[in-house]
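What follows is a single structure, written as structure tokens, with notes after it.
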Amino acid sequence: LVDPKRKRQLIGSYGKELARVQAPLPPGLNPDAPRQVGIWLAAQGFRLSRRTPGGQPAVDEDVLRGLLATGPNPQLEALLTYRETTKLLRTYLANLKVEADGRVRGRWLVHGTATGRLSSREPNFQNIPDDLRTIYVAPAGWRYAELDYDQIELRLIAHIAQAQGLLESFATGRDEHGLNAQFMFALSQPAKKESAERDWAKIPVYGIILYGGNARTVPLPPKMLQALPDGRRSVQRWVEWYLAKHHEIAAWRGRIAKEVGEKARLYNWAGRMRIFMGHDHERIREGYNFPIQGGAADIINLVLIGLDEGERVLAQVHDSLLMEYQRSAEVENVKMVMERPVVIDGRAFSCPVSVKTGMRWGELT
């Protein structure tokens, strides 16, 4: 359900933000005109090697981020911010399809991803930033609850690989992310939970260990790169340290690479099959990711099948479910279904669920 007043407020504030970020750009440059932007970038000395199907230099967000990686540039940063802000404004506010009853109903795709995750369009509920989520409000007499699995993919790889160090950390509450940050950034002690280093340390865990990327190409924020003692070489050293520390995960990755190389297909715990195509390195990268992301997705798919029809689940956002409720017992029932164990590789697996509630999505506590 959309709050029209909040929507108008955000459209106004995003309009002011667009005017602000345009100020550093050259007068007369239309940031929405790719040809103009391409000519301007070329005049600044940037080499645009990638082309669009029409033969024009590509100037999309990925290209701009790549150019920024070569060094700070206030005008380039302003252009990128303008693009990102415009995309958010148009996608999630200005062009939002609100129906007669005041609700938005996106298109949910059961087979929209290769891993088995649900995906959505018009809008993409998976990628809505928190401040834009505040336009969604619970109806009178109802509240929102967001039920989120706690690090389900990391718990899943610990279970599948039987990584004893990780299993012990989850059992005892030891902060693995803080320890990772300590090694990665050469800190004297584990990073605190509110620190930027701890948040940054999560990126290689997911981007490399869980999603199959590598230290050379995984996207890293500029501030993180500056804080690393030895740039991306620090990340590579961390990967080697992490796989030596959790040698069971390294052995599991070896088994995955072998099976993908020999059979070009994998099954996850639920029996979902994925066939891998393309270059060997790409197939292996996707092979590392599929049993984990696809395995977590099928746990949530099983939950959705097991819920009562009366429970108003509105959306699945990655590893969480968003619902409307009137009685706390409804939330407790969904939580119970989510935490119900499933058998994976002959052993019971379950993942704790945290709950946030409130009247507006994006302001839940």
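Convention: chains lettered A, B, ... in structure tokens order; per-chain residue numbering from 1; ligands numbered from 1 as shown.
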
May I have the residues within 8 Å of stretch 354-363 of chain A as a VMD selection string, using only C-alpha atoms and disregarding those fewer than 2 positions away in the same chain? chain A and resid 130 to 138 142 to 150 352 365

Going by DSSP on the backbone, which bits of stretch 98-316 of chain A are helix (DSSP H, G or I)? Write them as a ChimeraX atom specification, please. /A:125-127,130-133,152-161,164-172,176-184,196-210,222-227,232-245,247-263,280-306

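Between atom CA of A:Tyr288 and atom CA of A:Val343 the separation is 20.4 Å.
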
Residue contacts of A:Tyr92 (8 Å, only C-alpha atoms) excluding same-chain residues fewer than 2 positions away, as an NGL selection string: :A and (88-90 or 94-96 or 123 or 128 or 132)

Using only C-alpha atoms, determine which residues lie at most 9 Å from A:Val303, disregarding the query and same-chain residues fewer than 6 positions distant; provide the list as a ChimeraX atom specification. /A:334,337-338,340

Emit the selected residues as a PDB file, in the first residue's frame, including N, CA and C atoms.
```pdb
ATOM      1  N   VAL A 334       4.771 -17.675  11.043  1.00  0.00           N
ATOM      2  CA  VAL A 334       5.648 -17.599   9.870  1.00  0.00           C
ATOM      3  C   VAL A 334       7.095 -17.846  10.296  1.00  0.00           C
ATOM      4  N   VAL A 337       7.676 -21.537  10.798  1.00  0.00           N
ATOM      5  CA  VAL A 337       7.805 -22.257   9.526  1.00  0.00           C
ATOM      6  C   VAL A 337       9.175 -21.997   8.908  1.00  0.00           C
ATOM      7  N   MET A 338       9.665 -20.759   8.998  1.00  0.00           N
ATOM      8  CA  MET A 338      10.967 -20.418   8.417  1.00  0.00           C
ATOM      9  C   MET A 338      12.105 -21.141   9.133  1.00  0.00           C
ATOM     10  N   ARG A 340      11.934 -24.037  10.623  1.00  0.00           N
ATOM     11  CA  ARG A 340      11.761 -25.490  10.624  1.00  0.00           C
ATOM     12  C   ARG A 340      12.949 -26.144   9.906  1.00  0.00           C
TER      13      ARG A 340
END
```

Pairwise distance, atom CA of A:Gln236 with atom CA of A:Glu61, equals 26.1 Å

Tell me which protein, DNA and RNA residues are within 12 Å of A:Pro27, counting only C-alpha atoms, leaving out same-chain ones fewer than 5 positions away, and put them as a list in words. Gln22, Trp40 and Gln75 of chain A

Would you write out those residues with all heavy atoms, as a JSON list (two decimals), in the first residue's frame?
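Ended up saving to selection06.json:
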```json
[["chain", "number", "residue", "atom", "x", "y", "z"],
["A", 22, "GLN", "N", 23.79, 18.27, -10.49],
["A", 22, "GLN", "CA", 24.09, 18.77, -11.84],
["A", 22, "GLN", "C", 25.00, 19.99, -11.82],
["A", 22, "GLN", "O", 25.63, 20.29, -12.83],
["A", 22, "GLN", "CB", 22.79, 19.12, -12.57],
["A", 22, "GLN", "CG", 22.15, 17.96, -13.31],
["A", 22, "GLN", "CD", 20.98, 18.41, -14.17],
["A", 22, "GLN", "OE1", 19.87, 18.53, -13.68],
["A", 22, "GLN", "NE2", 21.24, 18.67, -15.44],
["A", 40, "TRP", "N", 31.82, 14.52, -24.45],
["A", 40, "TRP", "CA", 32.42, 15.25, -23.34],
["A", 40, "TRP", "C", 33.51, 14.42, -22.64],
["A", 40, "TRP", "O", 34.59, 14.93, -22.35],
["A", 40, "TRP", "CB", 31.32, 15.64, -22.34],
["A", 40, "TRP", "CG", 31.86, 16.23, -21.08],
["A", 40, "TRP", "CD1", 32.51, 17.42, -20.92],
["A", 40, "TRP", "CD2", 31.82, 15.64, -19.77],
["A", 40, "TRP", "NE1", 32.87, 17.63, -19.61],
["A", 40, "TRP", "CE2", 32.46, 16.55, -18.88],
["A", 40, "TRP", "CE3", 31.30, 14.46, -19.27],
["A", 40, "TRP", "CZ2", 32.59, 16.28, -17.52],
["A", 40, "TRP", "CZ3", 31.42, 14.20, -17.91],
["A", 40, "TRP", "CH2", 32.06, 15.10, -17.05],
["A", 75, "GLN", "N", 33.52, 15.84, -11.39],
["A", 75, "GLN", "CA", 32.49, 15.90, -12.43],
["A", 75, "GLN", "C", 31.98, 14.51, -12.77],
["A", 75, "GLN", "O", 30.78, 14.30, -12.96],
["A", 75, "GLN", "CB", 33.04, 16.60, -13.66],
["A", 75, "GLN", "CG", 33.24, 18.10, -13.47],
["A", 75, "GLN", "CD", 33.60, 18.79, -14.78],
["A", 75, "GLN", "OE1", 34.41, 18.29, -15.55],
["A", 75, "GLN", "NE2", 33.02, 19.95, -15.02]]
```

Quick one: residues within 12 Å of A:Ala270, only C-alpha atoms counted, chain neighbours fewer than 5 positions away excluded, as a PyMOL selection string? chain A and resi 115-116+290-292+294-302+342-345
